[in-house]
>>> print(open('start-v9.txt').read())   # compact mmCIF, C-alpha atoms and all ligand atoms
# COMPACT_ATOMS: atom_id res chain seq x y z
CA MET A 1 -10.99 137.95 -58.05
CA ALA A 2 -7.52 138.65 -56.62
CA MET A 3 -6.23 135.20 -57.61
CA ILE A 4 -7.61 135.54 -61.16
CA LEU A 5 -5.92 138.90 -61.66
CA LYS A 6 -2.71 137.51 -60.20
CA ALA A 7 -2.84 134.64 -62.70
CA ALA A 8 -3.47 137.04 -65.62
CA GLN A 9 -0.54 139.19 -64.53
CA PHE A 10 1.73 136.15 -63.99
CA ALA A 11 0.90 134.75 -67.46
CA ALA A 12 1.41 138.17 -69.10
CA VAL A 13 4.91 138.40 -67.63
CA LYS A 14 5.82 134.78 -68.50
CA HIS A 15 4.57 135.03 -72.11
CA ARG A 16 5.86 138.60 -72.62
CA ASP A 17 8.35 137.70 -75.35
CA GLN A 18 6.11 135.21 -77.18
CA ARG A 19 3.80 135.73 -80.12
CA ARG A 20 1.00 133.64 -81.68
CA LYS A 21 1.64 132.13 -85.10
CA ASP A 22 -0.81 134.38 -87.00
CA GLU A 23 0.26 136.83 -89.69
CA ASN A 24 0.28 139.77 -87.27
CA ALA A 25 2.20 137.81 -84.62
CA SER A 26 -0.34 138.78 -81.95
CA PRO A 27 0.80 138.96 -78.32
CA TYR A 28 0.65 135.42 -76.85
CA ILE A 29 -1.27 136.55 -73.75
CA ASN A 30 -4.36 137.15 -75.94
CA HIS A 31 -4.72 133.34 -76.11
CA PRO A 32 -4.89 132.49 -72.35
CA LEU A 33 -7.17 135.51 -71.88
CA ALA A 34 -9.43 134.16 -74.65
CA LEU A 35 -9.69 130.79 -72.87
CA ALA A 36 -10.69 132.46 -69.59
CA ASN A 37 -13.27 134.53 -71.46
CA VAL A 38 -14.74 131.48 -73.25
CA LEU A 39 -15.04 129.56 -69.98
CA ALA A 40 -16.69 132.39 -68.04
CA VAL A 41 -18.88 133.92 -70.76
CA GLU A 42 -19.78 131.00 -73.04
CA GLY A 43 -19.34 128.11 -70.59
CA GLY A 44 -20.85 129.77 -67.51
CA VAL A 45 -17.85 128.58 -65.48
CA GLU A 46 -17.67 130.40 -62.12
CA ASN A 47 -14.94 128.39 -60.40
CA SER A 48 -11.94 130.70 -59.97
CA GLU A 49 -9.44 127.80 -59.89
CA ILE A 50 -10.53 126.72 -63.38
CA ILE A 51 -10.28 130.31 -64.68
CA CYS A 52 -6.78 130.63 -63.14
CA ALA A 53 -5.70 127.31 -64.66
CA ALA A 54 -6.94 128.54 -68.07
CA LEU A 55 -4.89 131.74 -67.73
CA LEU A 56 -1.82 129.68 -66.77
CA HIS A 57 -2.41 126.70 -69.09
CA ASP A 58 0.55 127.27 -71.43
CA THR A 59 3.07 128.62 -68.88
CA ILE A 60 4.78 125.30 -68.09
CA GLU A 61 4.63 124.04 -71.68
CA ASP A 62 5.79 127.21 -73.41
CA THR A 63 7.86 129.20 -70.86
CA LYS A 64 10.43 128.40 -68.20
CA THR A 65 7.75 128.27 -65.48
CA THR A 66 7.98 125.25 -63.16
CA ALA A 67 5.23 123.38 -61.33
CA GLU A 68 6.90 124.32 -58.04
CA GLU A 69 6.67 128.00 -58.91
CA LEU A 70 2.95 127.71 -59.73
CA THR A 71 2.27 125.69 -56.56
CA ALA A 72 3.93 128.32 -54.35
CA ILE A 73 1.72 131.08 -55.74
CA PHE A 74 -1.53 129.38 -56.84
CA GLY A 75 -1.62 126.14 -54.83
CA ASP A 76 -1.92 122.44 -55.66
CA LYS A 77 -5.37 122.50 -57.22
CA VAL A 78 -4.64 125.09 -59.94
CA THR A 79 -1.18 123.62 -60.59
CA GLY A 80 -2.65 120.13 -60.90
CA ILE A 81 -5.08 121.30 -63.61
CA VAL A 82 -2.27 123.05 -65.51
CA LEU A 83 -0.15 119.89 -65.35
CA GLU A 84 -3.03 117.80 -66.70
CA VAL A 85 -3.17 119.98 -69.84
CA THR A 86 0.62 120.21 -70.27
CA ASP A 87 2.15 118.07 -73.04
CA ASP A 88 5.29 116.03 -72.34
CA LYS A 89 7.78 117.88 -74.53
CA SER A 90 10.27 115.00 -74.43
CA LEU A 91 7.91 113.13 -76.79
CA ASP A 92 7.82 113.53 -80.54
CA LYS A 93 5.13 115.99 -81.75
CA ALA A 94 3.03 113.35 -83.50
CA VAL A 95 3.15 111.13 -80.38
CA ARG A 96 2.14 114.11 -78.21
CA LYS A 97 -0.90 114.67 -80.40
CA GLU A 98 -1.98 111.02 -80.07
CA GLU A 99 -1.38 111.16 -76.29
CA GLN A 100 -3.83 114.09 -76.05
CA VAL A 101 -6.49 111.98 -77.78
CA ARG A 102 -5.75 109.03 -75.49
CA HIS A 103 -5.68 111.07 -72.23
CA ALA A 104 -8.73 113.28 -72.85
CA PRO A 105 -11.39 110.92 -71.38
CA HIS A 106 -9.29 110.29 -68.25
CA ILE A 107 -8.42 113.82 -67.10
CA SER A 108 -10.33 115.66 -64.34
CA HIS A 109 -13.56 117.56 -65.05
CA GLU A 110 -11.72 120.84 -64.48
CA ALA A 111 -8.94 119.93 -66.94
CA LYS A 112 -11.56 118.85 -69.50
CA LEU A 113 -13.09 122.34 -69.39
CA VAL A 114 -9.70 124.03 -69.92
CA LYS A 115 -8.87 121.67 -72.79
CA LEU A 116 -12.26 122.26 -74.42
CA ALA A 117 -11.74 126.03 -74.22
CA ASP A 118 -8.23 125.64 -75.66
CA LYS A 119 -9.55 123.75 -78.70
CA ILE A 120 -12.38 126.29 -79.17
CA CYS A 121 -9.89 129.18 -79.13
CA ASN A 122 -7.51 127.48 -81.52
CA LEU A 123 -10.28 126.65 -84.04
CA ARG A 124 -11.44 130.27 -83.81
CA ASP A 125 -7.89 131.47 -84.43
CA ILE A 126 -7.49 129.11 -87.40
CA LEU A 127 -10.73 130.47 -88.90
CA ALA A 128 -10.00 134.16 -88.21
CA SER A 129 -6.21 134.55 -87.96
CA PRO A 130 -4.48 131.29 -88.84
CA PRO A 131 -0.77 130.47 -88.61
CA ALA A 132 0.74 132.42 -91.49
CA ASP A 133 2.26 129.48 -93.35
CA TRP A 134 -0.47 126.83 -92.99
CA SER A 135 -2.12 125.31 -96.06
CA ALA A 136 -5.85 124.56 -96.07
CA ASP A 137 -4.97 120.86 -95.64
CA ARG A 138 -2.90 121.57 -92.56
CA LYS A 139 -5.79 123.58 -91.06
CA ARG A 140 -8.22 120.73 -91.82
CA GLU A 141 -5.83 118.26 -90.21
CA TYR A 142 -5.88 120.40 -87.05
CA PHE A 143 -9.70 120.54 -87.08
CA ASP A 144 -9.89 116.74 -87.41
CA TRP A 145 -7.39 116.17 -84.61
CA ALA A 146 -9.13 118.70 -82.31
CA ALA A 147 -12.44 116.87 -82.89
CA ARG A 148 -10.81 113.58 -81.86
CA VAL A 149 -9.57 115.18 -78.63
CA VAL A 150 -12.96 116.79 -77.93
CA ALA A 151 -14.73 113.43 -78.45
CA GLY A 152 -13.01 112.36 -75.22
CA LEU A 153 -14.16 115.48 -73.35
CA ARG A 154 -17.90 115.19 -74.09
CA GLY A 155 -20.29 115.53 -71.18
CA ALA A 156 -18.06 118.06 -69.41
CA ASN A 157 -19.96 121.17 -70.58
CA PRO A 158 -22.68 120.87 -73.26
CA ALA A 159 -22.70 124.63 -73.97
CA LEU A 160 -18.98 124.63 -74.77
CA GLU A 161 -19.30 121.42 -76.77
CA ALA A 162 -21.99 123.15 -78.89
CA VAL A 163 -19.65 126.12 -79.43
CA PHE A 164 -16.91 123.71 -80.54
CA ASP A 165 -19.30 121.87 -82.89
CA GLY A 166 -20.41 125.17 -84.44
CA LEU A 167 -16.80 126.13 -85.19
CA HIS A 168 -15.93 122.64 -86.42
CA GLY A 169 -18.90 122.85 -88.79
CA ARG A 170 -17.28 125.84 -90.48
CA GLN A 171 -14.44 123.70 -91.85
CA SER A 172 -15.54 124.36 -95.43
CA GLU A 173 -14.61 128.04 -94.95
CA LEU A 174 -10.93 127.15 -94.60
CA LEU A 175 -8.75 128.45 -97.41
P1 LIG B 201 0.61 122.46 -84.11
O1 LIG B 201 -0.39 121.78 -84.97
O2 LIG B 201 0.86 121.92 -82.77
O3 LIG B 201 0.31 124.03 -84.02
C1 LIG B 201 -0.87 124.41 -83.55
C2 LIG B 201 -0.70 125.00 -82.19
O4 LIG B 201 -0.11 126.29 -82.31
C3 LIG B 201 -2.03 125.23 -81.56
O5 LIG B 201 -2.42 124.08 -80.86
C4 LIG B 201 -1.77 126.41 -80.66
O6 LIG B 201 -1.21 125.85 -79.47
C5 LIG B 201 -0.66 127.18 -81.36
N1 LIG B 201 -1.03 128.41 -82.10
C6 LIG B 201 -0.33 129.55 -82.11
N2 LIG B 201 -0.87 130.46 -82.91
C7 LIG B 201 -1.97 129.89 -83.44
C8 LIG B 201 -2.96 130.38 -84.35
N3 LIG B 201 -2.92 131.62 -84.88
N4 LIG B 201 -3.95 129.55 -84.69
C9 LIG B 201 -4.00 128.31 -84.17
N5 LIG B 201 -3.09 127.79 -83.31
C10 LIG B 201 -2.08 128.59 -82.93
O7 LIG B 201 1.83 122.63 -84.99
P2 LIG B 201 3.18 121.97 -84.91
O8 LIG B 201 4.05 122.79 -85.77
O9 LIG B 201 3.54 121.77 -83.50
O10 LIG B 201 2.92 120.56 -85.64
C11 LIG B 201 2.27 119.53 -85.01
C12 LIG B 201 1.83 118.42 -85.99
O11 LIG B 201 1.46 118.94 -87.27
C13 LIG B 201 2.90 117.41 -86.24
O12 LIG B 201 2.65 116.29 -85.44
C14 LIG B 201 2.78 117.05 -87.71
O13 LIG B 201 2.26 115.74 -87.86
C15 LIG B 201 1.80 118.00 -88.27
N6 LIG B 201 2.34 118.70 -89.43
C16 LIG B 201 1.58 118.79 -90.56
C17 LIG B 201 2.05 119.46 -91.66
C18 LIG B 201 1.16 119.59 -92.85
O14 LIG B 201 1.48 120.33 -93.76
N7 LIG B 201 0.03 118.92 -92.91
C19 LIG B 201 3.37 120.06 -91.70
C20 LIG B 201 4.08 119.95 -90.45
C21 LIG B 201 3.57 119.28 -89.38
P3 LIG B 201 -1.41 126.46 -78.01
O15 LIG B 201 -2.81 126.37 -77.62
O16 LIG B 201 -0.51 125.59 -77.18
O17 LIG B 201 -0.91 127.85 -78.15
ZN ZN B 202 -3.39 126.93 -75.53
>>> encode(input="start-v9.txt", output="structure tokens", more="lines below")
Ligand code: NDP
Ligand code: ZN
Amino acid sequence: MAMILKAAQFAAVKHRDQRRKDENASPYINHPLALANVLAVEGGVENSEIICAALLHDTIEDTKTTAEELTAIFGDKVTGIVLEVTDDKSLDKAVRKEEQVRHAPHISHEAKLVKLADKICNLRDILASPPADWSADRKREYFDWAARVVAGLRGANPALEAVFDGLHGRQSELL
């Protein structure tokens, strides 16, 4: 419990100046909190290291946080999961997206759960509060790409996979 709250607090501080891409520019921290909630409530995940990694999953990619900083506070296991779900920002965006598809089957079980929750949360956001300037085509493109990533994560958590499939099945609602 203490480590989970520490991770939530750490992420809140690191993401304090960031906003999501939705029309209301929601506080970024809502997103890592949503992942942790999906894992615990919908995925039945009880492992605190996975919940911490979910809370911290975008800190290295989207803030100045370093792996060394995470290791000193949360240890090698949590940091390792975060690194597995961190894109290499030196690569072109389109290449990064293809790398996610290619890597998905080969990452650890723990990282697969975090990645699955990330895709669930982003599909939910696109359905309920999408990036302000995205066309319906762009949203559909994201749905298709997310499904290709999730294909490589199958078997990790059937309950979460069913949640993803339910959201993916709502593609026709996209405007
Ligand atoms: P992304 O597709 O990477 O943006 C989606 C990401 O934004 C999500 O993965 C999520 O990442 C984050 N995010 C923040 N707020 C929201 C929200 N409200 N709903 C959903 N996701 C949110 O966009 P990029 O601009 O990085 O472009 C990447 C690719 O898109 C390019 O490779 C390009 O090929 C393609 N593209 C397509 C266009 C088109 O019109 N079809 C135009 C331009 C680019 P996280 O979980 O990390 O927060
Ligand atoms: Zn994310």
>>> residues_near_point(input="start-v9.txt", point="(-10.1, 121.2, -84.0)", cutoff="7 Å", atoms="only C-alpha atoms", output="number ranges by chain")
A: 119, 123, 142-147, 168
>>> residues_near_ligand(input="start-v9.txt", ligand="ligand ZN 202 (chain B)", cutoff="8 Å", atoms="all atoms listed in the file", output="PyMOL selection string")
chain A and resi 31-32+35+57-58+118-119+121-122
>>> residues_around(input="start-v9.txt", residues="range 78-81 of chain A", least_positions_apart="4", cutoff="12 Å", atoms="only C-alpha atoms", output="compact mmCIF listing (two decimals) with C-alpha atoms, keeping the file's coordinate frame")
# COMPACT_ATOMS: atom_id res chain seq x y z
CA MET A 3 -6.23 135.20 -57.61
CA ILE A 4 -7.61 135.54 -61.16
CA ALA A 7 -2.84 134.64 -62.70
CA ASN A 47 -14.94 128.39 -60.40
CA SER A 48 -11.94 130.70 -59.97
CA GLU A 49 -9.44 127.80 -59.89
CA ILE A 50 -10.53 126.72 -63.38
CA ILE A 51 -10.28 130.31 -64.68
CA CYS A 52 -6.78 130.63 -63.14
CA ALA A 53 -5.70 127.31 -64.66
CA ALA A 54 -6.94 128.54 -68.07
CA LEU A 55 -4.89 131.74 -67.73
CA LEU A 56 -1.82 129.68 -66.77
CA HIS A 57 -2.41 126.70 -69.09
CA ASP A 58 0.55 127.27 -71.43
CA THR A 59 3.07 128.62 -68.88
CA ILE A 60 4.78 125.30 -68.09
CA THR A 65 7.75 128.27 -65.48
CA THR A 66 7.98 125.25 -63.16
CA ALA A 67 5.23 123.38 -61.33
CA GLU A 68 6.90 124.32 -58.04
CA GLU A 69 6.67 128.00 -58.91
CA LEU A 70 2.95 127.71 -59.73
CA THR A 71 2.27 125.69 -56.56
CA ALA A 72 3.93 128.32 -54.35
CA ILE A 73 1.72 131.08 -55.74
CA PHE A 74 -1.53 129.38 -56.84
CA VAL A 85 -3.17 119.98 -69.84
CA THR A 86 0.62 120.21 -70.27
CA ILE A 107 -8.42 113.82 -67.10
CA SER A 108 -10.33 115.66 -64.34
CA HIS A 109 -13.56 117.56 -65.05
CA GLU A 110 -11.72 120.84 -64.48
CA ALA A 111 -8.94 119.93 -66.94
CA LYS A 112 -11.56 118.85 -69.50
CA LEU A 113 -13.09 122.34 -69.39
CA VAL A 114 -9.70 124.03 -69.92
CA LYS A 115 -8.87 121.67 -72.79
>>> axis_aligned_box(input="start-v9.txt", around="ligand LIG 201 (chain B)", padding_each_side="4 Å", output="lines of an AutoDock Vina configuration file")
center_x = 0.0
center_y = 123.7
center_z = -85.5
size_x = 16.1
size_y = 23.9
size_z = 24.6
>>> closest_residue(input="start-v9.txt", among="A:Val41, A:Ala25, A:Leu153, A:Ala159", to="ligand LIG 201 (chain B)", atoms="all atoms listed in the file")
A:Ala25
>>> residues_around(input="start-v9.txt", residues="Ser135 in chain A", least_positions_apart="4", cutoff="12 Å", atoms="all atoms listed in the file", output="list in words")
Ile126, Pro130, Pro131, Lys139, Arg140, Glu141, Tyr142, Leu174 and Leu175 of chain A
>>> atom_distance(input="start-v9.txt", atom1="CA of His106 in chain A", atom2="CA of Pro158 in chain A")
17.8 Å
>>> atom_distance(input="start-v9.txt", atom1="atom O15 of ligand LIG 201 (chain B)", atom2="CA of Arg19 in chain A")
11.7 Å
>>> decode(input="start-v9.txt", residues="range 1-142 of chain A", atoms="C-alpha atoms", output="PDB file, in the first residue's frame")
ATOM      1  CA  MET A   1       0.000   0.000   0.000  1.00  0.00           C
ATOM      2  CA  ALA A   2       2.770   2.455   0.931  1.00  0.00           C
ATOM      3  CA  MET A   3       4.656   1.814  -2.319  1.00  0.00           C
ATOM      4  CA  ILE A   4       1.491   2.248  -4.422  1.00  0.00           C
ATOM      5  CA  LEU A   5       0.691   5.594  -2.804  1.00  0.00           C
ATOM      6  CA  LYS A   6       4.310   6.659  -3.221  1.00  0.00           C
ATOM      7  CA  ALA A   7       4.102   5.836  -6.939  1.00  0.00           C
ATOM      8  CA  ALA A   8       0.817   7.768  -7.313  1.00  0.00           C
ATOM      9  CA  GLN A   9       2.347  10.777  -5.567  1.00  0.00           C
ATOM     10  CA  PHE A  10       5.580  10.544  -7.607  1.00  0.00           C
ATOM     11  CA  ALA A  11       3.645  10.373 -10.908  1.00  0.00           C
ATOM     12  CA  ALA A  12       1.380  13.273  -9.875  1.00  0.00           C
ATOM     13  CA  VAL A  13       4.417  15.481  -9.248  1.00  0.00           C
ATOM     14  CA  LYS A  14       6.203  14.419 -12.461  1.00  0.00           C
ATOM     15  CA  HIS A  15       3.134  14.924 -14.684  1.00  0.00           C
ATOM     16  CA  ARG A  16       1.969  18.082 -12.866  1.00  0.00           C
ATOM     17  CA  ASP A  17       2.389  20.397 -15.857  1.00  0.00           C
ATOM     18  CA  GLN A  18       1.030  17.981 -18.472  1.00  0.00           C
ATOM     19  CA  ARG A  19      -2.459  17.618 -19.856  1.00  0.00           C
ATOM     20  CA  ARG A  20      -4.213  14.915 -21.919  1.00  0.00           C
ATOM     21  CA  LYS A  21      -5.111  15.748 -25.504  1.00  0.00           C
ATOM     22  CA  ASP A  22      -8.903  15.889 -24.944  1.00  0.00           C
ATOM     23  CA  GLU A  23     -10.968  19.032 -25.415  1.00  0.00           C
ATOM     24  CA  ASN A  24     -10.909  19.854 -21.697  1.00  0.00           C
ATOM     25  CA  ALA A  25      -7.158  19.214 -21.430  1.00  0.00           C
ATOM     26  CA  SER A  26      -7.685  16.920 -18.429  1.00  0.00           C
ATOM     27  CA  PRO A  27      -4.867  16.576 -15.883  1.00  0.00           C
ATOM     28  CA  TYR A  28      -2.412  13.932 -17.188  1.00  0.00           C
ATOM     29  CA  ILE A  29      -2.356  12.039 -13.866  1.00  0.00           C
ATOM     30  CA  ASN A  30      -5.946  10.868 -14.525  1.00  0.00           C
ATOM     31  CA  HIS A  31      -4.474   8.500 -17.149  1.00  0.00           C
ATOM     32  CA  PRO A  32      -1.945   6.552 -14.991  1.00  0.00           C
ATOM     33  CA  LEU A  33      -4.582   6.400 -12.235  1.00  0.00           C
ATOM     34  CA  ALA A  34      -7.055   4.949 -14.763  1.00  0.00           C
ATOM     35  CA  LEU A  35      -4.560   2.209 -15.707  1.00  0.00           C
ATOM     36  CA  ALA A  36      -4.053   1.235 -12.054  1.00  0.00           C
ATOM     37  CA  ASN A  37      -7.824   1.162 -11.576  1.00  0.00           C
ATOM     38  CA  VAL A  38      -8.398  -1.013 -14.678  1.00  0.00           C
ATOM     39  CA  LEU A  39      -5.735  -3.497 -13.558  1.00  0.00           C
ATOM     40  CA  ALA A  40      -6.999  -3.811  -9.978  1.00  0.00           C
ATOM     41  CA  VAL A  41     -10.760  -3.589 -10.547  1.00  0.00           C
ATOM     42  CA  GLU A  42     -11.312  -5.095 -14.006  1.00  0.00           C
ATOM     43  CA  GLY A  43      -8.199  -7.286 -14.266  1.00  0.00           C
ATOM     44  CA  GLY A  44      -8.139  -8.572 -10.673  1.00  0.00           C
ATOM     45  CA  VAL A  45      -4.420  -7.745 -10.508  1.00  0.00           C
ATOM     46  CA  GLU A  46      -3.170  -7.780  -6.896  1.00  0.00           C
ATOM     47  CA  ASN A  47       0.580  -7.507  -7.473  1.00  0.00           C
ATOM     48  CA  SER A  48       1.684  -4.123  -6.105  1.00  0.00           C
ATOM     49  CA  GLU A  49       4.731  -3.945  -8.412  1.00  0.00           C
ATOM     50  CA  ILE A  50       2.463  -4.114 -11.471  1.00  0.00           C
ATOM     51  CA  ILE A  51       0.149  -1.429 -10.031  1.00  0.00           C
ATOM     52  CA  CYS A  52       3.182   0.798  -9.290  1.00  0.00           C
ATOM     53  CA  ALA A  53       4.558   0.266 -12.805  1.00  0.00           C
ATOM     54  CA  ALA A  54       1.147   1.256 -14.223  1.00  0.00           C
ATOM     55  CA  LEU A  55       1.159   4.470 -12.168  1.00  0.00           C
ATOM     56  CA  LEU A  56       4.695   5.235 -13.377  1.00  0.00           C
ATOM     57  CA  HIS A  57       4.351   3.938 -16.958  1.00  0.00           C
ATOM     58  CA  ASP A  58       4.610   7.298 -18.743  1.00  0.00           C
ATOM     59  CA  THR A  59       7.124   9.024 -16.426  1.00  0.00           C
ATOM     60  CA  ILE A  60      10.277   8.121 -18.377  1.00  0.00           C
ATOM     61  CA  GLU A  61       8.641   8.581 -21.788  1.00  0.00           C
ATOM     62  CA  ASP A  62       6.864  11.866 -21.088  1.00  0.00           C
ATOM     63  CA  THR A  63       8.781  13.610 -18.261  1.00  0.00           C
ATOM     64  CA  LYS A  64      12.411  14.113 -17.310  1.00  0.00           C
ATOM     65  CA  THR A  65      12.344  11.086 -14.994  1.00  0.00           C
ATOM     66  CA  THR A  66      15.305   8.711 -15.394  1.00  0.00           C
ATOM     67  CA  ALA A  67      15.492   4.952 -14.876  1.00  0.00           C
ATOM     68  CA  GLU A  68      18.091   5.546 -12.147  1.00  0.00           C
ATOM     69  CA  GLU A  69      15.676   7.780 -10.262  1.00  0.00           C
ATOM     70  CA  LEU A  70      12.914   5.141 -10.423  1.00  0.00           C
ATOM     71  CA  THR A  71      15.312   2.361  -9.390  1.00  0.00           C
ATOM     72  CA  ALA A  72      16.459   4.290  -6.304  1.00  0.00           C
ATOM     73  CA  ILE A  73      12.887   4.714  -5.075  1.00  0.00           C
ATOM     74  CA  PHE A  74      10.926   1.731  -6.470  1.00  0.00           C
ATOM     75  CA  GLY A  75      13.604  -0.888  -7.191  1.00  0.00           C
ATOM     76  CA  ASP A  76      14.672  -2.911 -10.231  1.00  0.00           C
ATOM     77  CA  LYS A  77      11.478  -4.884 -10.746  1.00  0.00           C
ATOM     78  CA  VAL A  78       9.102  -1.898 -11.076  1.00  0.00           C
ATOM     79  CA  THR A  79      11.661   0.069 -13.109  1.00  0.00           C
ATOM     80  CA  GLY A  80      12.182  -2.889 -15.438  1.00  0.00           C
ATOM     81  CA  ILE A  81       8.437  -3.065 -16.201  1.00  0.00           C
ATOM     82  CA  VAL A  82       8.304   0.699 -16.859  1.00  0.00           C
ATOM     83  CA  LEU A  83      11.275   0.425 -19.227  1.00  0.00           C
ATOM     84  CA  GLU A  84       9.595  -2.412 -21.123  1.00  0.00           C
ATOM     85  CA  VAL A  85       6.603  -0.163 -21.892  1.00  0.00           C
ATOM     86  CA  THR A  86       8.694   2.935 -22.682  1.00  0.00           C
ATOM     87  CA  ASP A  87       9.060   3.851 -26.374  1.00  0.00           C
ATOM     88  CA  ASP A  88      12.482   4.770 -27.767  1.00  0.00           C
ATOM     89  CA  LYS A  89      11.922   8.448 -28.512  1.00  0.00           C
ATOM     90  CA  SER A  90      14.971   8.633 -30.793  1.00  0.00           C
ATOM     91  CA  LEU A  91      12.917   6.666 -33.354  1.00  0.00           C
ATOM     92  CA  ASP A  92      10.445   8.167 -35.778  1.00  0.00           C
ATOM     93  CA  LYS A  93       6.808   7.998 -34.541  1.00  0.00           C
ATOM     94  CA  ALA A  94       5.657   5.572 -37.227  1.00  0.00           C
ATOM     95  CA  VAL A  95       8.641   3.283 -36.502  1.00  0.00           C
ATOM     96  CA  ARG A  96       7.866   3.444 -32.762  1.00  0.00           C
ATOM     97  CA  LYS A  97       4.322   2.290 -33.456  1.00  0.00           C
ATOM     98  CA  GLU A  98       5.551  -0.691 -35.493  1.00  0.00           C
ATOM     99  CA  GLU A  99       8.113  -1.523 -32.776  1.00  0.00           C
ATOM    100  CA  GLN A 100       5.279  -1.769 -30.224  1.00  0.00           C
ATOM    101  CA  VAL A 101       3.528  -4.322 -32.444  1.00  0.00           C
ATOM    102  CA  ARG A 102       6.773  -6.264 -32.904  1.00  0.00           C
ATOM    103  CA  HIS A 103       7.784  -6.218 -29.201  1.00  0.00           C
ATOM    104  CA  ALA A 104       4.389  -7.014 -27.645  1.00  0.00           C
ATOM    105  CA  PRO A 105       4.649 -10.847 -27.730  1.00  0.00           C
ATOM    106  CA  HIS A 106       8.178 -10.767 -26.255  1.00  0.00           C
ATOM    107  CA  ILE A 107       7.752  -8.532 -23.190  1.00  0.00           C
ATOM    108  CA  SER A 108       7.272  -9.894 -19.647  1.00  0.00           C
ATOM    109  CA  HIS A 109       3.851 -10.960 -18.333  1.00  0.00           C
ATOM    110  CA  GLU A 110       3.831  -7.934 -16.022  1.00  0.00           C
ATOM    111  CA  ALA A 111       4.604  -5.512 -18.870  1.00  0.00           C
ATOM    112  CA  LYS A 112       1.895  -7.150 -21.009  1.00  0.00           C
ATOM    113  CA  LEU A 113      -0.692  -6.346 -18.323  1.00  0.00           C
ATOM    114  CA  VAL A 114       0.388  -2.687 -18.136  1.00  0.00           C
ATOM    115  CA  LYS A 115       0.342  -2.382 -21.927  1.00  0.00           C
ATOM    116  CA  LEU A 116      -3.102  -3.974 -22.139  1.00  0.00           C
ATOM    117  CA  ALA A 117      -4.439  -1.529 -19.538  1.00  0.00           C
ATOM    118  CA  ASP A 118      -2.833   1.370 -21.432  1.00  0.00           C
ATOM    119  CA  LYS A 119      -4.591   0.412 -24.669  1.00  0.00           C
ATOM    120  CA  ILE A 120      -7.915  -0.080 -22.827  1.00  0.00           C
ATOM    121  CA  CYS A 121      -7.646   3.391 -21.263  1.00  0.00           C
ATOM    122  CA  ASN A 122      -6.715   5.048 -24.538  1.00  0.00           C
ATOM    123  CA  LEU A 123      -9.620   3.419 -26.444  1.00  0.00           C
ATOM    124  CA  ARG A 124     -11.958   4.531 -23.649  1.00  0.00           C
ATOM    125  CA  ASP A 125     -10.587   8.062 -23.879  1.00  0.00           C
ATOM    126  CA  ILE A 126     -10.970   8.092 -27.667  1.00  0.00           C
ATOM    127  CA  LEU A 127     -14.614   6.995 -27.294  1.00  0.00           C
ATOM    128  CA  ALA A 128     -15.480   9.374 -24.433  1.00  0.00           C
ATOM    129  CA  SER A 129     -13.056  12.324 -24.623  1.00  0.00           C
ATOM    130  CA  PRO A 130     -10.909  12.076 -27.743  1.00  0.00           C
ATOM    131  CA  PRO A 131      -7.977  14.281 -28.750  1.00  0.00           C
ATOM    132  CA  ALA A 132      -9.635  17.532 -29.765  1.00  0.00           C
ATOM    133  CA  ASP A 133      -8.360  17.661 -33.339  1.00  0.00           C
ATOM    134  CA  TRP A 134      -8.656  14.007 -34.407  1.00  0.00           C
ATOM    135  CA  SER A 135     -10.828  13.022 -37.370  1.00  0.00           C
ATOM    136  CA  ALA A 136     -12.902   9.830 -37.256  1.00  0.00           C
ATOM    137  CA  ASP A 137     -10.318   8.238 -39.584  1.00  0.00           C
ATOM    138  CA  ARG A 138      -7.477   9.068 -37.234  1.00  0.00           C
ATOM    139  CA  LYS A 139      -9.419   7.530 -34.312  1.00  0.00           C
ATOM    140  CA  ARG A 140     -10.094   4.378 -36.372  1.00  0.00           C
ATOM    141  CA  GLU A 141      -6.412   4.183 -37.281  1.00  0.00           C
ATOM    142  CA  TYR A 142      -5.581   4.226 -33.554  1.00  0.00           C
TER     143      TYR A 142
END
